[in-house]
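Asks: The following file, input39.txt, comprises compact mmCIF, C-alpha atoms:
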# COMPACT_ATOMS: atom_id res chain seq x y z
CA MET I 1 105.41 72.85 88.30
CA THR I 2 104.90 73.99 84.67
CA ARG I 3 101.34 73.94 83.46
CA THR I 4 100.15 73.79 79.88
CA LYS I 5 97.95 76.60 78.71
CA SER I 6 94.97 74.25 78.49
CA SER I 7 95.36 73.04 82.08
CA ALA I 8 95.70 76.63 83.30
CA LEU I 9 92.49 77.50 81.45
CA LEU I 10 90.73 74.54 83.02
CA GLY I 11 91.87 75.72 86.46
CA ALA I 12 90.59 79.22 85.80
CA LEU I 13 87.23 77.87 84.69
CA LEU I 14 86.90 75.62 87.70
CA LEU I 15 87.83 78.38 90.11
CA ALA I 16 85.46 80.95 88.66
CA THR I 17 82.61 81.50 91.09
CA THR I 18 79.36 83.38 91.11
CA SER I 19 78.26 85.84 93.75
CA LEU I 20 74.61 84.84 93.84
CA ALA I 21 74.44 81.05 93.66
CA GLY I 22 76.56 77.97 94.11
CA ALA I 23 74.97 76.09 91.21
CA PRO I 24 75.63 76.94 87.56
CA ALA I 25 73.17 79.56 86.29
CA ARG I 26 70.80 78.85 83.43
CA ALA I 27 71.23 80.68 80.15
CA ALA I 28 70.58 84.43 80.43
CA ASP I 29 69.62 84.14 84.11
CA HIS I 30 71.25 87.50 84.75
CA ALA I 31 69.83 89.57 81.93
CA GLY I 32 69.08 93.00 83.30
CA GLU I 33 72.12 92.93 85.60
CA GLN I 34 75.60 94.44 85.23
CA LEU I 35 78.55 92.03 85.15
CA TYR I 36 81.53 92.65 87.41
CA PRO I 37 84.37 90.28 86.41
CA LEU I 38 86.61 89.96 89.47
CA LEU I 39 90.07 88.80 88.40
CA SER I 40 91.28 87.60 91.78
CA TYR I 41 94.35 85.92 93.23
CA ARG I 42 93.39 83.97 96.32
CA THR I 43 96.26 81.58 95.63
CA GLY I 44 99.97 82.12 95.04
CA PRO I 45 102.58 84.29 96.79
CA TYR I 46 100.48 87.46 96.67
CA ALA I 47 97.25 85.97 98.02
CA PRO I 48 97.59 87.75 101.42
CA SER I 49 97.41 91.05 99.55
CA GLY I 50 94.49 89.98 97.41
CA ILE I 51 92.10 88.18 99.74
CA PRO I 52 91.19 91.26 101.84
CA GLN I 53 90.76 93.33 98.66
CA TRP I 54 88.24 90.94 97.14
CA ALA I 55 86.36 90.94 100.45
CA GLY I 56 86.18 94.74 100.43
CA ILE I 57 84.92 94.74 96.84
CA ARG I 58 82.37 92.00 97.36
CA ASP I 59 81.12 93.35 100.69
CA TYR I 60 80.46 96.79 99.25
CA LEU I 61 78.72 95.34 96.19
CA THR I 62 76.65 93.08 98.45
CA TYR I 63 75.56 96.18 100.36
CA VAL I 64 74.66 97.98 97.14
CA ASN I 65 72.70 94.98 95.83
CA GLU I 66 70.89 93.90 98.98
CA VAL I 67 70.40 97.12 100.92
CA GLN I 68 70.23 99.74 98.17
CA GLY I 69 68.52 97.45 95.66
CA GLY I 70 71.35 97.75 93.16
CA VAL I 71 72.85 100.76 91.40
CA ASP I 72 69.78 102.82 90.50
CA GLY I 73 67.88 99.53 90.60
CA ILE I 74 70.42 97.58 88.53
CA LYS I 75 71.93 94.60 90.37
CA ILE I 76 75.64 93.85 90.02
CA PHE I 77 76.48 90.27 89.08
CA VAL I 78 79.96 89.30 90.31
CA GLN I 79 81.89 86.54 88.56
CA GLU I 80 85.22 85.73 90.18
CA CYS I 81 88.04 84.14 88.24
CA GLU I 82 91.32 83.03 89.85
CA THR I 83 94.52 84.32 88.21
CA ALA I 84 97.14 83.41 90.86
CA TYR I 85 98.57 86.83 89.91
CA THR I 86 99.83 85.56 86.56
CA VAL I 87 99.35 87.45 83.31
CA GLU I 88 98.50 84.29 81.36
CA ARG I 89 95.64 83.32 83.63
CA ALA I 90 94.43 86.91 83.82
CA PHE I 91 94.06 86.87 80.03
CA GLU I 92 92.16 83.59 80.20
CA CYS I 93 89.71 85.16 82.66
CA TYR I 94 89.52 88.28 80.51
CA GLU I 95 88.61 86.28 77.41
CA ARG I 96 85.89 84.46 79.30
CA TYR I 97 84.10 87.60 80.44
CA LYS I 98 84.95 90.36 77.98
CA ASN I 99 81.66 89.95 76.11
CA GLY I 100 79.56 89.58 79.23
CA TYR I 101 78.21 86.43 80.86
CA ASP I 102 74.85 84.79 81.30
CA GLY I 103 72.96 87.73 79.87
CA ALA I 104 74.78 90.39 81.91
CA PRO I 105 76.97 92.80 79.89
CA VAL I 106 80.32 94.10 81.09
CA ALA I 107 80.74 97.88 81.05
CA ILE I 108 84.02 98.31 82.95
CA LEU I 109 86.78 95.90 83.91
CA MET I 110 88.40 96.79 87.24
CA GLY I 111 91.97 95.52 86.93
CA THR I 112 93.85 93.88 89.76
CA SER I 113 97.38 93.64 88.36
CA SER I 114 99.77 96.26 87.00
CA GLY I 115 101.40 93.56 84.88
CA PHE I 116 98.15 92.61 83.22
CA ASP I 117 97.21 96.25 82.75
CA ALA I 118 100.39 96.93 80.81
CA ALA I 119 100.14 93.72 78.80
CA ALA I 120 96.47 94.29 77.94
CA SER I 121 96.90 97.65 76.19
CA ASP I 122 96.51 96.33 72.67
CA LYS I 123 93.79 93.89 73.64
CA VAL I 124 91.46 96.35 75.36
CA ARG I 125 91.93 98.76 72.46
CA THR I 126 90.83 96.08 69.99
CA ASP I 127 87.93 94.95 72.19
CA LYS I 128 86.99 98.51 73.17
CA LEU I 129 86.66 97.47 76.80
CA PRO I 130 87.60 100.11 79.41
CA LEU I 131 90.13 98.83 81.95
CA VAL I 132 90.61 100.59 85.30
CA THR I 133 93.70 100.03 87.42
CA ASN I 134 93.45 101.97 90.67
CA ALA I 135 96.76 103.34 91.95
CA GLY I 136 98.81 101.38 89.46
CA GLY I 137 99.12 100.44 85.84
CA ARG I 138 101.01 102.28 83.15
CA GLU I 139 101.52 105.96 83.85
CA ASP I 140 101.38 107.02 80.18
CA ALA I 141 97.78 105.78 80.04
CA VAL I 142 96.86 109.04 81.74
CA ASP I 143 96.78 110.41 78.17
CA GLY I 144 93.28 109.52 77.03
CA SER I 145 94.03 110.63 73.49
CA VAL I 146 96.43 107.68 73.14
CA PHE I 147 94.90 105.22 75.62
CA PRO I 148 91.11 105.66 75.28
CA TYR I 149 90.35 102.40 77.11
CA GLN I 150 92.80 102.48 80.02
CA PHE I 151 92.25 104.40 83.25
CA PRO I 152 95.09 104.47 85.85
CA LEU I 153 92.85 106.21 88.38
CA LEU I 154 93.77 107.82 91.70
CA PHE I 155 97.55 107.60 91.56
CA ASP I 156 100.70 106.87 89.61
CA TYR I 157 104.21 105.90 90.64
CA TRP I 158 105.73 109.10 89.22
CA THR I 159 103.54 111.23 91.47
CA GLU I 160 104.41 108.89 94.31
CA SER I 161 108.11 109.59 93.78
CA SER I 162 107.56 113.34 94.14
CA ILE I 163 105.42 112.83 97.26
CA VAL I 164 108.19 110.80 98.88
CA VAL I 165 110.82 113.43 98.05
CA ASP I 166 108.49 116.19 99.24
CA TYR I 167 107.99 114.44 102.57
CA ILE I 168 111.74 113.95 103.02
CA ALA I 169 112.34 117.62 102.19
CA LYS I 170 109.91 118.66 104.92
CA GLN I 171 111.68 116.41 107.44
CA VAL I 172 115.13 117.84 106.72
CA GLY I 173 114.09 121.49 106.67
CA GLY I 174 113.27 122.29 103.05
CA TYR I 175 114.08 121.39 99.46
CA ASP I 176 117.39 123.22 99.64
CA LYS I 177 118.49 120.74 102.31
CA LEU I 178 118.06 117.80 99.93
CA LYS I 179 121.30 118.64 98.16
CA GLY I 180 123.92 116.06 99.06
CA LEU I 181 121.47 113.65 100.72
CA LYS I 182 121.55 110.02 99.68
CA ILE I 183 118.14 108.58 98.86
CA ALA I 184 118.10 104.92 97.88
CA THR I 185 115.22 103.20 96.13
CA LEU I 186 115.13 99.50 96.92
CA TYR I 187 112.77 98.06 94.35
CA HIS I 188 111.15 94.81 93.25
CA ASP I 189 112.98 94.01 90.03
CA SER I 190 109.93 94.03 87.78
CA GLY I 191 108.13 96.51 85.56
CA TYR I 192 106.26 97.74 88.62
CA GLY I 193 109.44 98.16 90.64
CA ARG I 194 111.39 99.88 87.88
CA ASP I 195 108.63 102.40 87.20
CA THR I 196 110.09 105.06 89.50
CA ILE I 197 113.64 105.03 88.11
CA GLU I 198 112.97 107.78 85.56
CA PRO I 199 111.03 110.20 87.81
CA LEU I 200 113.58 109.85 90.61
CA ALA I 201 116.37 110.70 88.18
CA THR I 202 114.42 113.86 87.28
CA LEU I 203 113.89 114.76 90.94
CA SER I 204 117.54 114.08 91.76
CA LYS I 205 118.67 116.40 88.99
CA LYS I 206 116.32 119.14 90.16
CA TYR I 207 117.11 118.99 93.90
CA GLY I 208 120.67 117.68 93.99
CA PHE I 209 120.28 114.55 96.10
CA GLU I 210 122.10 111.35 95.20
CA ASP I 211 119.74 108.85 93.61
CA ILE I 212 120.78 105.27 94.41
CA GLU I 213 118.80 102.51 92.68
CA ILE I 214 119.03 98.97 94.09
CA PRO I 215 117.03 96.07 92.59
CA VAL I 216 115.86 92.99 94.50
CA PRO I 217 115.11 89.85 92.47
CA HIS I 218 111.64 88.31 92.81
CA PRO I 219 110.32 87.24 95.28
CA GLY I 220 112.71 89.13 97.57
CA GLU I 221 113.43 86.55 100.25
CA GLN I 222 117.13 87.47 100.32
CA GLN I 223 118.07 91.14 100.86
CA GLN I 224 121.09 91.08 103.16
CA ALA I 225 123.49 92.26 100.45
CA GLN I 226 121.24 95.14 99.42
CA TRP I 227 120.75 96.46 102.96
CA GLN I 228 124.47 96.11 103.67
CA GLN I 229 125.08 98.24 100.59
CA ILE I 230 122.60 100.84 101.90
CA LYS I 231 124.34 100.92 105.26
CA GLN I 232 127.86 101.03 103.82
CA GLN I 233 127.03 103.86 101.41
CA GLY I 234 125.64 106.01 104.21
CA VAL I 235 122.15 106.26 102.76
CA ASP I 236 119.93 108.78 104.57
CA TRP I 237 116.49 107.63 103.41
CA VAL I 238 115.11 104.55 101.66
CA PHE I 239 112.15 104.50 99.31
CA PHE I 240 111.06 100.86 99.59
CA ARG I 241 109.13 99.56 96.58
CA ALA I 242 108.42 95.98 97.55
CA TRP I 243 105.60 93.53 96.95
CA GLY I 244 104.52 90.43 98.85
CA VAL I 245 107.08 88.68 101.04
CA MET I 246 109.76 91.17 100.02
CA ALA I 247 108.28 93.80 102.36
CA PRO I 248 108.55 92.13 105.81
CA VAL I 249 111.85 90.52 104.84
CA GLY I 250 113.24 93.94 103.95
CA ILE I 251 112.01 95.60 107.13
CA LYS I 252 113.54 92.88 109.31
CA THR I 253 116.79 92.94 107.35
CA ALA I 254 117.00 96.73 107.71
CA ALA I 255 116.73 96.34 111.48
CA ARG I 256 119.51 93.74 111.50
CA VAL I 257 121.94 96.06 109.73
CA GLY I 258 120.89 98.99 111.93
CA PHE I 259 118.95 101.11 109.44
CA PRO I 260 116.12 103.02 111.22
CA ALA I 261 112.55 102.11 110.29
CA ASP I 262 111.42 105.74 110.48
CA HIS I 263 113.71 106.56 107.55
CA ILE I 264 112.14 103.92 105.31
CA ILE I 265 109.14 105.01 103.24
CA GLY I 266 107.21 102.15 101.71
CA ASP I 267 105.45 102.27 98.37
CA ILE I 268 101.62 102.13 98.38
CA TRP I 269 101.84 98.35 97.85
CA THR I 270 104.38 98.10 100.67
CA GLY I 271 102.29 99.77 103.33
CA SER I 272 99.69 97.29 104.51
CA GLU I 273 99.24 95.30 107.71
CA GLU I 274 100.38 92.23 105.77
CA ASP I 275 103.70 94.01 105.15
CA VAL I 276 104.46 95.12 108.71
CA ARG I 277 102.92 92.60 111.11
CA PRO I 278 105.18 89.72 110.03
CA ALA I 279 108.17 92.01 110.68
CA GLY I 280 107.21 92.40 114.35
CA ALA I 281 108.98 95.03 116.41
CA ALA I 282 111.33 95.86 113.52
CA ALA I 283 108.44 97.62 111.74
CA LYS I 284 107.64 100.10 114.52
CA GLY I 285 108.09 103.62 113.11
CA TYR I 286 108.04 102.44 109.48
CA LEU I 287 106.49 104.91 107.03
CA ALA I 288 104.48 104.35 103.87
CA VAL I 289 102.63 106.11 101.10
CA SER I 290 98.89 105.46 101.45
CA VAL I 291 96.17 105.79 98.85
CA PHE I 292 93.86 103.51 100.84
CA PRO I 293 93.97 104.62 104.49
CA SER I 294 93.21 101.93 107.03
CA GLY I 295 90.65 102.18 109.82
CA THR I 296 87.08 101.31 110.71
CA ASP I 297 85.85 104.73 111.83
CA PHE I 298 84.78 105.79 108.35
CA LYS I 299 81.00 105.97 108.10
CA VAL I 300 80.99 103.59 105.15
CA SER I 301 82.94 101.05 107.22
CA GLN I 302 80.27 101.04 109.90
CA ILE I 303 77.56 100.76 107.25
CA LEU I 304 79.23 97.64 105.87
CA LYS I 305 79.76 96.15 109.30
CA THR I 306 76.12 96.60 110.27
CA ASN I 307 74.53 95.56 107.00
CA VAL I 308 76.95 92.96 105.64
CA LEU I 309 79.50 91.56 108.08
CA ASP I 310 77.26 91.41 111.15
CA THR I 311 74.50 89.74 109.14
CA GLY I 312 76.78 86.94 107.96
CA LYS I 313 76.75 88.07 104.31
CA GLY I 314 80.37 89.23 104.17
CA ASP I 315 83.17 87.70 102.13
CA LEU I 316 85.78 88.50 104.80
CA LYS I 317 86.60 85.32 106.70
CA ASP I 318 89.31 86.82 108.93
CA GLN I 319 87.53 89.62 110.76
CA SER I 320 90.85 91.06 111.93
CA LYS I 321 91.30 92.26 108.35
CA PHE I 322 88.21 94.49 108.51
CA GLY I 323 89.36 98.06 107.99
CA SER I 324 92.83 96.98 106.93
CA VAL I 325 94.64 98.74 104.09
CA TYR I 326 93.79 96.06 101.55
CA TYR I 327 90.20 95.64 102.69
CA ASN I 328 89.71 99.40 102.37
CA ALA I 329 91.41 99.31 98.97
CA GLY I 330 88.68 96.92 97.86
CA VAL I 331 85.98 99.19 99.26
CA VAL I 332 87.44 102.18 97.40
CA THR I 333 87.61 100.15 94.17
CA ALA I 334 83.96 99.17 94.52
CA ILE I 335 82.89 102.74 95.32
CA ILE I 336 84.59 104.05 92.17
CA TYR I 337 83.00 101.32 90.07
CA VAL I 338 79.51 102.02 91.42
CA GLU I 339 79.89 105.79 91.01
CA ALA I 340 80.99 105.27 87.41
CA LEU I 341 77.83 103.25 86.77
CA ARG I 342 75.73 106.00 88.35
CA THR I 343 77.41 108.52 86.03
CA GLY I 344 76.55 106.34 83.04
CA HIS I 345 72.95 105.91 84.17
CA LYS I 346 72.44 109.67 84.26
CA GLN I 347 73.43 109.81 80.60
CA PHE I 348 72.00 106.57 79.20
CA GLY I 349 69.24 105.56 81.60
CA ASN I 350 68.96 103.11 84.47
CA ARG I 351 69.90 99.89 82.72
CA PRO I 352 73.00 97.73 82.29
CA LEU I 353 75.64 99.69 80.42
CA THR I 354 77.65 98.59 77.41
CA SER I 355 81.43 98.90 77.33
CA ALA I 356 81.15 102.01 75.12
CA GLU I 357 78.86 103.58 77.71
CA GLY I 358 81.21 102.48 80.48
CA GLN I 359 84.05 104.31 78.75
CA TRP I 360 81.92 107.45 78.50
CA ALA I 361 80.99 107.16 82.16
CA LEU I 362 84.62 106.90 83.25
CA GLU I 363 85.59 109.92 81.16
CA HIS I 364 82.88 111.94 82.90
CA LEU I 365 83.39 110.61 86.41
CA ASP I 366 83.47 113.34 89.04
CA ILE I 367 83.49 112.20 92.67
CA THR I 368 83.41 115.49 94.56
CA PRO I 369 84.16 116.05 98.25
CA GLN I 370 80.41 116.50 98.77
CA ARG I 371 79.68 113.14 97.13
CA ILE I 372 82.42 111.48 99.16
CA GLU I 373 80.77 112.83 102.31
CA GLU I 374 77.41 111.44 101.17
CA LEU I 375 79.03 108.05 100.65
CA GLY I 376 80.52 108.10 104.13
CA ALA I 377 84.03 107.92 102.70
CA THR I 378 85.56 111.24 103.77
CA GLY I 379 89.22 110.60 104.55
CA LEU I 380 89.11 107.21 102.82
CA LEU I 381 88.81 108.40 99.22
CA SER I 382 90.35 111.54 97.71
CA PRO I 383 88.29 113.59 95.21
CA LEU I 384 88.43 112.16 91.71
CA LYS I 385 87.63 114.00 88.47
CA VAL I 386 88.37 112.26 85.17
CA THR I 387 88.20 113.72 81.68
CA ALA I 388 88.64 112.37 78.17
CA SER I 389 92.16 113.80 78.05
CA ASP I 390 93.12 112.98 81.66
CA HIS I 391 92.44 109.36 82.56
CA GLU I 392 93.95 109.54 86.02
CA GLY I 393 92.04 112.28 87.77
CA SER I 394 93.68 114.11 90.64
CA PRO I 395 96.36 111.82 92.12
CA ALA I 396 96.86 112.14 95.85
CA ALA I 397 98.15 110.11 98.80
CA LYS I 398 98.97 110.38 102.49
CA ILE I 399 102.11 109.46 104.40
CA VAL I 400 101.25 107.10 107.24
CA GLN I 401 103.30 105.52 110.04
CA TRP I 402 103.07 102.14 111.77
CA ASP I 403 103.20 102.30 115.58
CA GLY I 404 103.42 98.55 116.08
CA ILE I 405 99.64 98.11 116.24
CA ALA I 406 98.03 100.36 113.65
CA TRP I 407 98.68 102.91 110.91
CA HIS I 408 98.39 106.61 111.70
CA PRO I 409 98.38 109.46 109.14
CA LYS I 410 101.36 111.82 109.25
CA THR I 411 99.93 114.09 106.55
CA ASP I 412 96.67 114.95 104.82
CA TRP I 413 96.23 114.23 101.09
CA LEU I 414 99.37 115.20 99.15
CA SER I 415 99.34 115.84 95.40
CA GLY I 416 103.03 115.82 94.58
CA ASP I 417 104.60 117.69 91.68
CA ARG I 418 102.57 116.26 88.84
CA ALA I 419 103.38 119.21 86.58
CA LEU I 420 107.09 118.33 86.72
CA PHE I 421 106.43 115.04 84.91
CA HIS I 422 103.60 116.08 82.64
CA ASP I 423 105.66 116.55 79.49
CA ALA I 424 107.69 113.36 80.03
CA ILE I 425 104.60 111.21 80.61
CA PHE I 426 102.74 112.58 77.60
CA ALA I 427 105.91 112.19 75.50
CA LYS I 428 105.96 108.50 76.46
CA ALA I 429 102.35 108.21 75.36
CA ALA I 430 103.15 109.93 72.06
CA ALA I 431 106.09 107.59 71.50
CA TYR I 432 103.81 104.60 72.13
CA ALA I 433 101.29 105.97 69.64
CA LYS I 434 104.02 106.40 67.03
CA GLU I 435 105.43 102.91 67.65
CA LYS I 436 101.97 101.35 67.25
CA SER I 437 100.94 103.67 64.38
CA LEU I 438 97.81 104.60 66.28
CA PRO I 439 95.31 106.98 64.68
CA ALA I 440 94.88 110.33 66.38
CA ARG I 441 91.97 110.69 68.77
CA ASP I 442 90.64 114.11 69.66
CA ALA I 443 90.01 113.36 73.33
CA ALA I 444 88.32 116.71 73.87
CA ILE I 445 85.30 115.76 71.73
CA ASN I 446 84.94 112.09 72.70
Since I need it in another form, could you write the structure as structure tokens?

Replies:
Amino acid sequence: MTRTKSSALLGALLLATTSLAGAPARAADHAGEQLYPLLSYRTGPYAPSGIPQWAGIRDYLTYVNEVQGGVDGIKIFVQECETAYTVERAFECYERYKNGYDGAPVAILMGTSSGFDAAASDKVRTDKLPLVTNAGGREDAVDGSVFPYQFPLLFDYWTESSIVVDYIAKQVGGYDKLKGLKIATLYHDSGYGRDTIEPLATLSKKYGFEDIEIPVPHPGEQQQAQWQQIKQQGVDWVFFRAWGVMAPVGIKTAARVGFPADHIIGDIWTGSEEDVRPAGAAAKGYLAVSVFPSGTDFKVSQILKTNVLDTGKGDLKDQSKFGSVYYNAGVVTAIIYVEALRTGHKQFGNRPLTSAEGQWALEHLDITPQRIEELGATGLLSPLKVTASDHEGSPAAKIVQWDGIAWHPKTDWLSGDRALFHDAIFAKAAAYAKEKSLPARDAAIN
């Protein structure tokens, strides 16, 4: 059903919730706190991917607030706003919270949608509000000299492409054995899905494999023709870049046409429990790229269970999701956010940060292996060092495999061939700057 913009705004306002009270807060009730606008999607076709993430975020922030007393004494005030994973509603939520809320300023906006991240480039530049999109977003935003307010932290789809090809090369006996292989990318026909077309063409040219690109229209409920094409063309490996219902449908369809699950490598958003469990036995052996490893044995997981979930303060209603890929993705997101605030506090003092200070904090964020160990997140989070010129940090991921019950790592953290794409990515950023007539920014001194 088509909604008018005004009715969509009304829905977003009605669905916005606070983290600390059910009743509306009085004016400036949260002065002295730091606002965390959570642009969620608990409704719509992608809700199963979102709900565990918001639980991971909120549970970690609850722990920080109630057990640690806040970030260096500063409480985090969460305001959730429902987007249904639509760009229009995400902008409505953005407009509501971009200047803070109820006395609490916003320093950093943690994005939840690659589509919104790409669409918001001009807006965040005008508003000077730093936007973080973990393991997604536009890859050219790695260039902080062109995109001073966008931070595609942890990972990008170009690096992911090289990790997938690297893993395949190791399975077949080396890069020289890639020549003549057929590698198909079955992708969600959207900006997100098409993002790996260019890097795969580069990799194909370098290593001599045949690059076969096959789109699947949203939402991906029909894939018989695509998998028949894969089978008929004698494809050796499939890089599966799905989202939502497209993932289990694709895995089951692959089994029906006789394509082996252990030769399908899912994208990072195609490698969760929500992607494989609905596929049943067909998913056993399926591989995926993982930036957010699943599991509950991480020290931070046990800290959250003891202090938040077991005390009835958790946001996670379905306890079977605890330690899942998406729950852990939320925990990682919250950790990065909190560590960015700590970085800002060291520079500006222990108080709520402004958006300008949040930008500075992100450009000086350095989460070392030692700090990760202190956080109890070793194995869950890869080291992350951001600079003014490099807004991504050190991208890395693991290859994991589904055994029918749980995910198991097949590799340690892999970095891919980032250098191969450096010039192309920065050229894209330069082209964007030229198209928009953007003034030069000397990232090194900002």

Asks: Could you pull the residues within 12 Å of stretch 311-317 of chain I, counting all atoms listed in the file, minus those fewer than 4 positions along the same chain, as a PyMOL selection string?

Replies: chain I and resi 19-20+50-63+65-67+303-307+321-324+326-328+330

Asks: Using all atoms listed in the file, which protein or nucleic acid residues come within 6 Å of stretch 28-45 of chain I? Drop anything in the same chain fewer than 3 positions from it, and give the result as a VMD selection string.

Replies: chain I and resid 50 to 51 74 to 85 102 to 106 352

Asks: Quick one: distance from atom CA of I:Lys128 to atom CA of I:Gly100 in Å, one decimal?

Replies: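 Atom CA of I:Gly100 lies at a distance of 13.1 Å from atom CA of I:Lys128.
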
Asks: So, with all atoms listed in the file as the atoms that count, which of I:Val132, I:Ala406, I:Val245, I:Ala396 lies closest to I:Ala340?

Replies: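 Checking each candidate against I:Ala340, we get I:Val132 as the closest.
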
Asks: Give me, please, the distance in Å between atom CA of I:Ile336 and atom CA of I:Ser301, quoted to one decimal.

Replies: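 Computed distance, atom CA of I:Ile336 to atom CA of I:Ser301, equals 15.4 Å.
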
Asks: Pick out the closest residue to I:Thr159 from this set: I:Gln233, I:Thr196, I:Gln359, I:Thr411. Count all atoms listed in the file.

Replies: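 Once distances to I:Thr159 are computed over all atoms listed in the file, the minimum belongs to I:Thr196.
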
Asks: Would you give me, as CSV, each residue of stretch 28-115 of chain I having an atom within 12 Å of an atom of stretch 252-269 of chain I, along with its shortest atom pair and that distance in Å to one decimal, using all atoms listed in the file and sorting by chain and residue number?

Replies:
residue,atom,partner,partner_atom,distance
I:Tyr46,CA,I:Trp269,CA,11.0
I:Pro48,CA,I:Trp269,CA,12.0
I:Ser49,CA,I:Trp269,CA,8.7
I:Gly50,CA,I:Trp269,CA,11.1
I:Ser113,CA,I:Trp269,CA,11.5
I:Ser114,CA,I:Trp269,CA,11.2

Asks: Determine, counting all atoms listed in the file, which protein, DNA and RNA residues have an atom within 12 Å of an atom of I:Gly295; residues of the same chain fewer than 2 positions away are not included. Present the result as a ChimeraX atom specification.

Replies: /I:272-273,292-293,297-302,320-329,331,377,379-380,400,405-409

Asks: As a list of chain:residue names, please: the residues near I:Lys205 (cut-off 12 Å, only C-alpha atoms, same-chain neighbours under 6 positions excluded).

Replies: I:Leu178, I:Lys179, I:Gly180, I:Glu198, I:Pro199, I:Asp211, I:Leu420

Asks: Just the residues within 10 Å of I:Arg194, please, counting all atoms listed in the file, with nothing from its chain fewer than 3 positions along; format it as a list in words.

Replies: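 Once the nearby chain positions are removed, what remains is Tyr157, Thr185, Leu186, Tyr187, His188, Asp189, Ser190, Gly191, Ile197, Glu198, Glu213, Ile214, Pro215 and Arg241 of chain I.
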
Asks: Report, in Å to a single decimal, how far apart atom CA of I:Phe147 and atom CA of I:Lys123 are.

Replies: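 These atoms are spaced 11.6 Å apart.
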
Asks: Please determine, counting all atoms listed in the file, which residue among I:Asp236, I:Val172, I:Trp402, I:Ile163 has the shortest atom-to-atom distance to I:Thr270.

Replies: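 Using all atoms listed in the file, I:Thr270 sits closest to I:Trp402.
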
Asks: With distances taken over all atoms listed in the file, which residue among I:Leu362, I:Ala279, I:Ile372, I:Val249 lies nearest I:Thr387?

Replies: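 When distances to I:Thr387 are compared using all atoms listed in the file, the smallest one comes from I:Leu362.
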
Asks: Measuring atom to atom with all atoms listed in the file, identify which of I:Tyr286, I:Tyr149, I:Tyr192, I:Tyr432 is nearest to I:Gly250.

Replies: I:Tyr286
